[in-house]
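Okay, coords26.cif is below, mmCIF, N, CA and C atoms:
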data_target
#
loop_
_atom_site.label_atom_id
_atom_site.label_comp_id
_atom_site.auth_asym_id
_atom_site.auth_seq_id
_atom_site.Cartn_x
_atom_site.Cartn_y
_atom_site.Cartn_z
N MET A 1 -234.94 -130.55 61.40
CA MET A 1 -233.87 -131.50 61.16
C MET A 1 -234.08 -132.09 59.77
N SER A 2 -233.03 -132.16 58.99
CA SER A 2 -233.14 -132.69 57.64
C SER A 2 -233.48 -134.17 57.66
N GLU A 3 -234.09 -134.67 56.57
CA GLU A 3 -234.42 -136.08 56.49
C GLU A 3 -233.17 -136.94 56.53
N CYS A 4 -232.10 -136.47 55.90
CA CYS A 4 -230.83 -137.22 55.89
C CYS A 4 -230.31 -137.38 57.31
N LEU A 5 -230.28 -136.31 58.06
CA LEU A 5 -229.80 -136.37 59.43
C LEU A 5 -230.72 -137.24 60.29
N PHE A 6 -232.04 -137.12 60.09
CA PHE A 6 -232.99 -137.92 60.84
C PHE A 6 -232.77 -139.41 60.58
N TYR A 7 -232.60 -139.79 59.32
CA TYR A 7 -232.38 -141.20 58.98
C TYR A 7 -231.07 -141.69 59.58
N THR A 8 -230.02 -140.90 59.49
CA THR A 8 -228.73 -141.28 60.05
C THR A 8 -228.84 -141.45 61.56
N LEU A 9 -229.53 -140.53 62.22
CA LEU A 9 -229.70 -140.64 63.67
C LEU A 9 -230.52 -141.88 64.04
N THR A 10 -231.50 -142.22 63.21
CA THR A 10 -232.29 -143.41 63.46
C THR A 10 -231.42 -144.66 63.38
N LEU A 11 -230.56 -144.73 62.35
CA LEU A 11 -229.65 -145.86 62.24
C LEU A 11 -228.68 -145.88 63.41
N GLU A 12 -228.19 -144.71 63.80
CA GLU A 12 -227.26 -144.62 64.92
C GLU A 12 -227.91 -145.15 66.19
N LEU A 13 -229.19 -144.89 66.37
CA LEU A 13 -229.89 -145.36 67.56
C LEU A 13 -229.81 -146.88 67.66
N PHE A 14 -229.97 -147.59 66.55
CA PHE A 14 -229.86 -149.04 66.57
C PHE A 14 -228.47 -149.46 67.04
N ILE A 15 -227.46 -148.78 66.55
CA ILE A 15 -226.09 -149.14 66.92
C ILE A 15 -225.85 -148.89 68.40
N VAL A 16 -226.28 -147.74 68.88
CA VAL A 16 -226.06 -147.41 70.28
C VAL A 16 -226.82 -148.36 71.19
N LEU A 17 -228.06 -148.64 70.87
CA LEU A 17 -228.88 -149.49 71.73
C LEU A 17 -228.49 -150.96 71.65
N LEU A 18 -228.16 -151.42 70.49
CA LEU A 18 -227.89 -152.84 70.30
C LEU A 18 -226.40 -153.16 70.17
N PHE A 19 -225.57 -152.14 69.99
CA PHE A 19 -224.15 -152.32 69.74
C PHE A 19 -223.89 -153.10 68.47
N TYR A 20 -224.86 -153.18 67.61
CA TYR A 20 -224.70 -153.82 66.31
C TYR A 20 -225.35 -152.94 65.25
N PRO A 21 -224.75 -152.85 64.09
CA PRO A 21 -225.37 -152.07 63.02
C PRO A 21 -226.47 -152.84 62.31
N ALA A 22 -227.60 -152.20 62.15
CA ALA A 22 -228.71 -152.79 61.40
C ALA A 22 -229.35 -151.67 60.60
N GLY A 23 -229.72 -151.97 59.40
CA GLY A 23 -230.22 -150.94 58.50
C GLY A 23 -231.66 -150.57 58.71
N ARG A 24 -232.43 -151.43 59.34
CA ARG A 24 -233.85 -151.15 59.54
C ARG A 24 -234.37 -152.06 60.65
N PRO A 25 -235.50 -151.73 61.22
CA PRO A 25 -236.05 -152.56 62.29
C PRO A 25 -236.25 -154.00 61.82
N GLU A 26 -236.03 -154.94 62.71
CA GLU A 26 -236.23 -156.36 62.47
C GLU A 26 -235.15 -156.98 61.58
N LYS A 27 -234.17 -156.21 61.14
CA LYS A 27 -233.09 -156.75 60.31
C LYS A 27 -231.95 -157.18 61.22
N LEU A 28 -231.34 -158.30 60.86
CA LEU A 28 -230.18 -158.75 61.62
C LEU A 28 -229.02 -157.79 61.41
N PRO A 29 -228.10 -157.73 62.36
CA PRO A 29 -226.92 -156.86 62.19
C PRO A 29 -226.17 -157.22 60.92
N ASP A 30 -225.56 -156.24 60.28
CA ASP A 30 -224.87 -156.45 59.01
C ASP A 30 -223.69 -155.50 58.92
N VAL A 31 -222.51 -156.04 58.61
CA VAL A 31 -221.29 -155.24 58.56
C VAL A 31 -221.38 -154.09 57.56
N CYS A 32 -222.10 -154.24 56.47
CA CYS A 32 -222.14 -153.16 55.48
C CYS A 32 -222.78 -151.90 56.05
N TYR A 33 -223.71 -152.05 57.01
CA TYR A 33 -224.32 -150.87 57.60
C TYR A 33 -223.33 -150.10 58.49
N SER A 34 -222.26 -150.77 58.91
CA SER A 34 -221.21 -150.05 59.61
C SER A 34 -220.68 -148.94 58.71
N TRP A 35 -220.44 -149.29 57.46
CA TRP A 35 -219.94 -148.29 56.50
C TRP A 35 -220.98 -147.22 56.24
N TRP A 36 -222.21 -147.62 55.94
CA TRP A 36 -223.25 -146.64 55.56
C TRP A 36 -223.47 -145.62 56.68
N VAL A 37 -223.52 -146.09 57.91
CA VAL A 37 -223.74 -145.17 59.02
C VAL A 37 -222.49 -144.33 59.28
N LEU A 38 -221.32 -144.97 59.33
CA LEU A 38 -220.10 -144.22 59.62
C LEU A 38 -219.80 -143.18 58.54
N SER A 39 -219.96 -143.55 57.28
CA SER A 39 -219.66 -142.59 56.21
C SER A 39 -220.63 -141.41 56.27
N SER A 40 -221.89 -141.69 56.56
CA SER A 40 -222.87 -140.61 56.68
C SER A 40 -222.51 -139.69 57.85
N LEU A 41 -222.16 -140.28 58.98
CA LEU A 41 -221.78 -139.47 60.13
C LEU A 41 -220.49 -138.69 59.87
N ALA A 42 -219.55 -139.30 59.14
CA ALA A 42 -218.30 -138.59 58.81
C ALA A 42 -218.59 -137.40 57.92
N ILE A 43 -219.45 -137.57 56.94
CA ILE A 43 -219.81 -136.47 56.05
C ILE A 43 -220.50 -135.36 56.83
N LEU A 44 -221.29 -135.75 57.82
CA LEU A 44 -221.99 -134.77 58.66
C LEU A 44 -221.09 -134.22 59.77
N GLY A 45 -219.86 -134.73 59.87
CA GLY A 45 -218.95 -134.28 60.92
C GLY A 45 -219.34 -134.75 62.30
N ARG A 46 -219.93 -135.94 62.39
CA ARG A 46 -220.46 -136.43 63.67
C ARG A 46 -219.97 -137.84 64.02
N LEU A 47 -218.75 -138.19 63.64
CA LEU A 47 -218.23 -139.52 63.98
C LEU A 47 -218.19 -139.76 65.49
N HIS A 48 -218.10 -138.70 66.26
CA HIS A 48 -218.03 -138.84 67.72
C HIS A 48 -219.35 -139.36 68.32
N TRP A 49 -220.41 -139.42 67.53
CA TRP A 49 -221.67 -139.94 68.04
C TRP A 49 -221.69 -141.46 68.14
N ILE A 50 -220.71 -142.12 67.56
CA ILE A 50 -220.74 -143.58 67.47
C ILE A 50 -220.02 -144.22 68.65
N ASN A 51 -220.43 -145.41 69.03
CA ASN A 51 -219.70 -146.20 70.00
C ASN A 51 -218.64 -146.98 69.21
N ALA A 52 -217.50 -146.35 69.00
CA ALA A 52 -216.46 -146.88 68.10
C ALA A 52 -215.95 -148.24 68.55
N SER A 53 -215.74 -148.42 69.82
CA SER A 53 -215.20 -149.68 70.33
C SER A 53 -216.15 -150.84 70.06
N ALA A 54 -217.42 -150.66 70.36
CA ALA A 54 -218.40 -151.72 70.14
C ALA A 54 -218.54 -152.03 68.66
N LEU A 55 -218.54 -151.00 67.83
CA LEU A 55 -218.68 -151.23 66.39
C LEU A 55 -217.45 -151.94 65.84
N GLU A 56 -216.27 -151.52 66.27
CA GLU A 56 -215.04 -152.20 65.80
C GLU A 56 -215.06 -153.67 66.21
N ASN A 57 -215.49 -153.96 67.42
CA ASN A 57 -215.57 -155.35 67.88
C ASN A 57 -216.51 -156.16 67.00
N PHE A 58 -217.66 -155.58 66.64
CA PHE A 58 -218.60 -156.28 65.78
C PHE A 58 -217.99 -156.55 64.41
N ILE A 59 -217.37 -155.54 63.82
CA ILE A 59 -216.76 -155.71 62.49
C ILE A 59 -215.69 -156.79 62.53
N LEU A 60 -214.81 -156.74 63.51
CA LEU A 60 -213.74 -157.72 63.60
C LEU A 60 -214.27 -159.13 63.87
N ALA A 61 -215.42 -159.24 64.53
CA ALA A 61 -216.03 -160.55 64.75
C ALA A 61 -216.55 -161.15 63.45
N CYS A 62 -216.75 -160.31 62.44
CA CYS A 62 -217.23 -160.78 61.13
C CYS A 62 -216.09 -161.18 60.20
N GLN A 63 -214.86 -161.01 60.66
CA GLN A 63 -213.69 -161.36 59.84
C GLN A 63 -213.46 -162.87 59.89
N ASP A 64 -213.15 -163.45 58.73
CA ASP A 64 -212.78 -164.86 58.66
C ASP A 64 -211.26 -164.93 58.73
N VAL A 65 -210.73 -165.30 59.88
CA VAL A 65 -209.28 -165.29 60.07
C VAL A 65 -208.58 -166.43 59.34
N ASP A 66 -209.33 -167.44 58.92
CA ASP A 66 -208.73 -168.57 58.20
C ASP A 66 -208.61 -168.30 56.71
N THR A 67 -209.67 -167.81 56.10
CA THR A 67 -209.66 -167.63 54.64
C THR A 67 -209.55 -166.17 54.23
N GLY A 68 -209.73 -165.26 55.17
CA GLY A 68 -209.68 -163.83 54.86
C GLY A 68 -211.05 -163.28 54.51
N GLY A 69 -211.15 -161.98 54.57
CA GLY A 69 -212.40 -161.30 54.21
C GLY A 69 -213.34 -161.15 55.38
N PHE A 70 -214.43 -160.44 55.10
CA PHE A 70 -215.47 -160.18 56.10
C PHE A 70 -216.81 -160.65 55.57
N SER A 71 -217.64 -161.10 56.48
CA SER A 71 -219.01 -161.51 56.13
C SER A 71 -219.99 -160.47 56.66
N ASP A 72 -221.26 -160.68 56.36
CA ASP A 72 -222.28 -159.75 56.84
C ASP A 72 -222.41 -159.79 58.35
N ARG A 73 -222.25 -160.96 58.93
CA ARG A 73 -222.32 -161.11 60.40
C ARG A 73 -221.44 -162.28 60.82
N PRO A 74 -221.09 -162.37 62.09
CA PRO A 74 -220.19 -163.43 62.54
C PRO A 74 -220.69 -164.82 62.16
N GLY A 75 -219.75 -165.63 61.65
CA GLY A 75 -220.07 -167.02 61.32
C GLY A 75 -220.53 -167.24 59.89
N ASP A 76 -220.86 -166.20 59.15
CA ASP A 76 -221.29 -166.36 57.76
C ASP A 76 -220.08 -166.36 56.84
N MET A 77 -220.31 -166.68 55.57
CA MET A 77 -219.23 -166.73 54.59
C MET A 77 -218.81 -165.31 54.19
N PRO A 78 -217.50 -165.04 54.13
CA PRO A 78 -217.04 -163.72 53.68
C PRO A 78 -217.30 -163.53 52.19
N ASP A 79 -217.43 -162.27 51.79
CA ASP A 79 -217.62 -161.94 50.38
C ASP A 79 -216.99 -160.59 50.10
N PRO A 80 -216.73 -160.28 48.82
CA PRO A 80 -216.06 -159.01 48.50
C PRO A 80 -216.82 -157.77 48.96
N TYR A 81 -218.14 -157.77 48.84
CA TYR A 81 -218.98 -156.62 49.22
C TYR A 81 -218.77 -156.27 50.68
N HIS A 82 -218.94 -157.25 51.56
CA HIS A 82 -218.82 -156.98 52.99
C HIS A 82 -217.37 -156.76 53.41
N THR A 83 -216.43 -157.36 52.68
CA THR A 83 -215.02 -157.10 52.96
C THR A 83 -214.67 -155.64 52.68
N LEU A 84 -215.11 -155.13 51.53
CA LEU A 84 -214.86 -153.72 51.21
C LEU A 84 -215.42 -152.81 52.28
N PHE A 85 -216.69 -152.98 52.62
CA PHE A 85 -217.33 -152.07 53.56
C PHE A 85 -216.84 -152.28 54.99
N GLY A 86 -216.46 -153.50 55.35
CA GLY A 86 -215.87 -153.73 56.67
C GLY A 86 -214.53 -153.03 56.82
N LEU A 87 -213.68 -153.15 55.80
CA LEU A 87 -212.38 -152.48 55.84
C LEU A 87 -212.55 -150.96 55.82
N ALA A 88 -213.45 -150.47 54.98
CA ALA A 88 -213.68 -149.02 54.90
C ALA A 88 -214.20 -148.48 56.23
N ALA A 89 -215.08 -149.21 56.88
CA ALA A 89 -215.60 -148.78 58.18
C ALA A 89 -214.48 -148.77 59.23
N LEU A 90 -213.64 -149.80 59.22
CA LEU A 90 -212.52 -149.82 60.16
C LEU A 90 -211.60 -148.63 59.93
N SER A 91 -211.42 -148.25 58.68
CA SER A 91 -210.61 -147.07 58.37
C SER A 91 -211.21 -145.82 58.98
N LEU A 92 -212.52 -145.65 58.82
CA LEU A 92 -213.18 -144.46 59.39
C LEU A 92 -213.12 -144.46 60.92
N LEU A 93 -213.01 -145.64 61.50
CA LEU A 93 -212.88 -145.75 62.95
C LEU A 93 -211.44 -145.47 63.40
N GLY A 94 -210.54 -145.26 62.44
CA GLY A 94 -209.17 -144.93 62.77
C GLY A 94 -208.27 -146.13 62.97
N HIS A 95 -208.66 -147.29 62.47
CA HIS A 95 -207.84 -148.49 62.60
C HIS A 95 -206.48 -148.22 61.96
N ASN A 96 -205.42 -148.40 62.73
CA ASN A 96 -204.10 -147.94 62.30
C ASN A 96 -203.41 -148.79 61.24
N THR A 97 -203.96 -149.93 60.87
CA THR A 97 -203.33 -150.75 59.84
C THR A 97 -204.01 -150.61 58.48
N ILE A 98 -204.99 -149.73 58.39
CA ILE A 98 -205.73 -149.54 57.14
C ILE A 98 -205.57 -148.09 56.70
N LYS A 99 -205.29 -147.90 55.41
CA LYS A 99 -205.17 -146.55 54.86
C LYS A 99 -206.46 -145.77 55.11
N PRO A 100 -206.36 -144.46 55.29
CA PRO A 100 -207.58 -143.66 55.42
C PRO A 100 -208.45 -143.74 54.16
N VAL A 101 -209.73 -143.91 54.38
CA VAL A 101 -210.71 -144.00 53.30
C VAL A 101 -211.57 -142.75 53.31
N ASN A 102 -211.83 -142.21 52.15
CA ASN A 102 -212.68 -141.03 52.03
C ASN A 102 -214.15 -141.44 52.20
N PRO A 103 -214.88 -140.79 53.10
CA PRO A 103 -216.27 -141.20 53.37
C PRO A 103 -217.24 -140.91 52.23
N THR A 104 -216.89 -139.99 51.35
CA THR A 104 -217.79 -139.66 50.24
C THR A 104 -217.67 -140.68 49.11
N TYR A 105 -216.43 -141.05 48.79
CA TYR A 105 -216.18 -141.90 47.63
C TYR A 105 -215.88 -143.36 47.97
N CYS A 106 -215.68 -143.68 49.23
CA CYS A 106 -215.29 -145.04 49.65
C CYS A 106 -214.06 -145.50 48.87
N MET A 107 -213.11 -144.60 48.76
CA MET A 107 -211.83 -144.88 48.10
C MET A 107 -210.71 -144.38 49.01
N PRO A 108 -209.50 -144.94 48.87
CA PRO A 108 -208.40 -144.44 49.70
C PRO A 108 -208.21 -142.93 49.52
N GLN A 109 -207.98 -142.25 50.62
CA GLN A 109 -207.83 -140.79 50.58
C GLN A 109 -206.68 -140.37 49.69
N ASP A 110 -205.59 -141.14 49.65
CA ASP A 110 -204.47 -140.76 48.79
C ASP A 110 -204.85 -140.79 47.30
N VAL A 111 -205.76 -141.66 46.93
CA VAL A 111 -206.24 -141.69 45.55
C VAL A 111 -207.08 -140.45 45.26
N ILE A 112 -207.93 -140.08 46.20
CA ILE A 112 -208.76 -138.88 46.06
C ILE A 112 -207.87 -137.66 45.87
N GLU A 113 -206.81 -137.57 46.67
CA GLU A 113 -205.89 -136.43 46.56
C GLU A 113 -205.13 -136.45 45.24
N ARG A 114 -204.69 -137.64 44.83
CA ARG A 114 -203.96 -137.74 43.56
C ARG A 114 -204.84 -137.33 42.38
N LEU A 115 -206.13 -137.64 42.46
CA LEU A 115 -207.08 -137.27 41.40
C LEU A 115 -207.60 -135.84 41.55
N THR A 116 -207.18 -135.18 42.60
CA THR A 116 -207.59 -133.81 42.96
C THR A 116 -209.11 -133.65 43.04
N LEU A 117 -209.76 -134.66 43.60
CA LEU A 117 -211.19 -134.58 43.85
C LEU A 117 -211.40 -133.82 45.16
N THR A 118 -212.46 -133.05 45.24
CA THR A 118 -212.69 -132.25 46.44
C THR A 118 -214.10 -132.45 46.99
N PRO A 119 -214.33 -133.58 47.66
CA PRO A 119 -215.63 -133.75 48.32
C PRO A 119 -215.74 -132.79 49.49
N HIS A 120 -216.94 -132.39 49.82
CA HIS A 120 -217.16 -131.43 50.89
C HIS A 120 -218.00 -132.06 51.98
N LYS A 121 -217.70 -131.73 53.23
CA LYS A 121 -218.52 -132.15 54.36
C LYS A 121 -219.62 -131.12 54.57
N LEU A 122 -220.79 -131.62 54.96
CA LEU A 122 -221.90 -130.73 55.25
C LEU A 122 -221.65 -130.00 56.57
N GLN A 123 -222.02 -128.76 56.62
CA GLN A 123 -221.94 -128.00 57.87
C GLN A 123 -223.35 -127.91 58.44
N ILE A 124 -223.54 -128.46 59.64
CA ILE A 124 -224.87 -128.40 60.26
C ILE A 124 -224.77 -127.71 61.60
#

Translate this file's structure into structure tokens.
Amino acid sequence: MSECLFYTLTLELFIVLLFYPAGRPEKLPDVCYSWWVLSSLAILGRLHWINASALENFILACQDVDTGGFSDRPGDMPDPYHTLFGLAALSLLGHNTIKPVNPTYCMPQDVIERLTLTPHKLQI
């Protein structure tokens, strides 16, 4: 098993067991890891390995409905970094109000197509 796949599976294990994304042991859940794990799994063609409902619930719990944006975890202050990765992760989860985002470039898929970029998914 490749190191990339092993690391991705290790991160996935945290999500499955805890229903929260965390980048490493002893780290609190963080919305940005939703993107890192989902984009890696999308590139590997393994989005079906994720508990999409639990992850979407976590991401949406990090949204500030009063001021807008997403924070690293529920109750914290939203910021542009976590907002970008929270929205991008929701897109990969198939959220119907967000444009599709390309997992390789973290950019809207229509922009990737307009620029005629051709990222490739790994075949494993």

Check your understanding: In Å, how far is it from atom CA of Ser39 of chain A to atom CA of Val101 of chain A?
Key ->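 Going from atom CA of Ser39 of chain A over to atom CA of Val101 of chain A covers 9.5 Å.
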
For this structure, which residues satisfy the selection - the PyMOL selection byres (((chain A and resi 72 and name CA) around 8) and name CA) - when it is evaluated on the file as given? I want them as a PDB file with N, CA and C atoms, keeping the file's coordinate frame.
ATOM      1  N   PRO A  29    -228.100-157.730  62.360  1.00  0.00           N
ATOM      2  CA  PRO A  29    -226.920-156.860  62.190  1.00  0.00           C
ATOM      3  C   PRO A  29    -226.170-157.220  60.920  1.00  0.00           C
ATOM      4  N   ASP A  30    -225.560-156.240  60.280  1.00  0.00           N
ATOM      5  CA  ASP A  30    -224.870-156.450  59.010  1.00  0.00           C
ATOM      6  C   ASP A  30    -223.690-155.500  58.920  1.00  0.00           C
ATOM      7  N   VAL A  31    -222.510-156.040  58.610  1.00  0.00           N
ATOM      8  CA  VAL A  31    -221.290-155.240  58.560  1.00  0.00           C
ATOM      9  C   VAL A  31    -221.380-154.090  57.560  1.00  0.00           C
ATOM     10  N   CYS A  32    -222.100-154.240  56.470  1.00  0.00           N
ATOM     11  CA  CYS A  32    -222.140-153.160  55.480  1.00  0.00           C
ATOM     12  C   CYS A  32    -222.780-151.900  56.050  1.00  0.00           C
ATOM     13  N   CYS A  62    -216.750-160.310  62.440  1.00  0.00           N
ATOM     14  CA  CYS A  62    -217.230-160.780  61.130  1.00  0.00           C
ATOM     15  C   CYS A  62    -216.090-161.180  60.200  1.00  0.00           C
ATOM     16  N   PHE A  70    -214.430-160.440  55.100  1.00  0.00           N
ATOM     17  CA  PHE A  70    -215.470-160.180  56.100  1.00  0.00           C
ATOM     18  C   PHE A  70    -216.810-160.650  55.570  1.00  0.00           C
ATOM     19  N   SER A  71    -217.640-161.100  56.480  1.00  0.00           N
ATOM     20  CA  SER A  71    -219.010-161.510  56.130  1.00  0.00           C
ATOM     21  C   SER A  71    -219.990-160.470  56.660  1.00  0.00           C
ATOM     22  N   ARG A  73    -222.250-160.960  58.930  1.00  0.00           N
ATOM     23  CA  ARG A  73    -222.320-161.110  60.400  1.00  0.00           C
ATOM     24  C   ARG A  73    -221.440-162.280  60.820  1.00  0.00           C
ATOM     25  N   PRO A  74    -221.090-162.370  62.090  1.00  0.00           N
ATOM     26  CA  PRO A  74    -220.190-163.430  62.540  1.00  0.00           C
ATOM     27  C   PRO A  74    -220.690-164.820  62.160  1.00  0.00           C
ATOM     28  N   ASP A  76    -220.860-166.200  59.150  1.00  0.00           N
ATOM     29  CA  ASP A  76    -221.290-166.360  57.760  1.00  0.00           C
ATOM     30  C   ASP A  76    -220.080-166.360  56.840  1.00  0.00           C
ATOM     31  N   MET A  77    -220.310-166.680  55.570  1.00  0.00           N
ATOM     32  CA  MET A  77    -219.230-166.730  54.590  1.00  0.00           C
ATOM     33  C   MET A  77    -218.810-165.310  54.190  1.00  0.00           C
ATOM     34  N   PRO A  78    -217.500-165.040  54.130  1.00  0.00           N
ATOM     35  CA  PRO A  78    -217.040-163.720  53.680  1.00  0.00           C
ATOM     36  C   PRO A  78    -217.300-163.530  52.190  1.00  0.00           C
ATOM     37  N   HIS A  82    -218.940-157.250  51.560  1.00  0.00           N
ATOM     38  CA  HIS A  82    -218.820-156.980  52.990  1.00  0.00           C
ATOM     39  C   HIS A  82    -217.370-156.760  53.410  1.00  0.00           C
TER      40      HIS A  82
END

Within 7 Å of Ala89 of chain A, counting all atoms listed in the file, which residues qualify if same-chain residues fewer than 3 places away don't, as a tab-separated table (two decimals) with N, CA and C atoms, in the frame of the given file?
chain	number	residue	atom	x	y	z
A	34	SER	N	-222.26	-150.77	58.91
A	34	SER	CA	-221.21	-150.05	59.61
A	34	SER	C	-220.68	-148.94	58.71
A	35	TRP	N	-220.44	-149.29	57.46
A	35	TRP	CA	-219.94	-148.29	56.50
A	35	TRP	C	-220.98	-147.22	56.24
A	38	LEU	N	-221.32	-144.97	59.33
A	38	LEU	CA	-220.10	-144.22	59.62
A	38	LEU	C	-219.80	-143.18	58.54
A	39	SER	N	-219.96	-143.55	57.28
A	39	SER	CA	-219.66	-142.59	56.21
A	39	SER	C	-220.63	-141.41	56.27
A	84	LEU	N	-215.11	-155.13	51.53
A	84	LEU	CA	-214.86	-153.72	51.21
A	84	LEU	C	-215.42	-152.81	52.28
A	85	PHE	N	-216.69	-152.98	52.62
A	85	PHE	CA	-217.33	-152.07	53.56
A	85	PHE	C	-216.84	-152.28	54.99
A	86	GLY	N	-216.46	-153.50	55.35
A	86	GLY	CA	-215.87	-153.73	56.67
A	86	GLY	C	-214.53	-153.03	56.82
A	92	LEU	N	-212.52	-145.65	58.82
A	92	LEU	CA	-213.18	-144.46	59.39
A	92	LEU	C	-213.12	-144.46	60.92
A	93	LEU	N	-213.01	-145.64	61.50
A	93	LEU	CA	-212.88	-145.75	62.95
A	93	LEU	C	-211.44	-145.47	63.40
A	94	GLY	N	-210.54	-145.26	62.44
A	94	GLY	CA	-209.17	-144.93	62.77
A	94	GLY	C	-208.27	-146.13	62.97
A	95	HIS	N	-208.66	-147.29	62.47
A	95	HIS	CA	-207.84	-148.49	62.60
A	95	HIS	C	-206.48	-148.22	61.96

Practice item. Could you tell me which residues the PyMOL selection byres (((chain A and resi 119 and name CA) around 12) and name CA) returns for this structure, as a ChimeraX atom specification? Key: /A:42-43,102-107,109,112-113,115-118,120-122

Practice item. Using DSSP on the backbone coordinates, identify all residues within segment 11-109 of chain A classified as strand (DSSP E); present the result as a PyMOL selection string. Key: chain A and resi 101-102+107-108
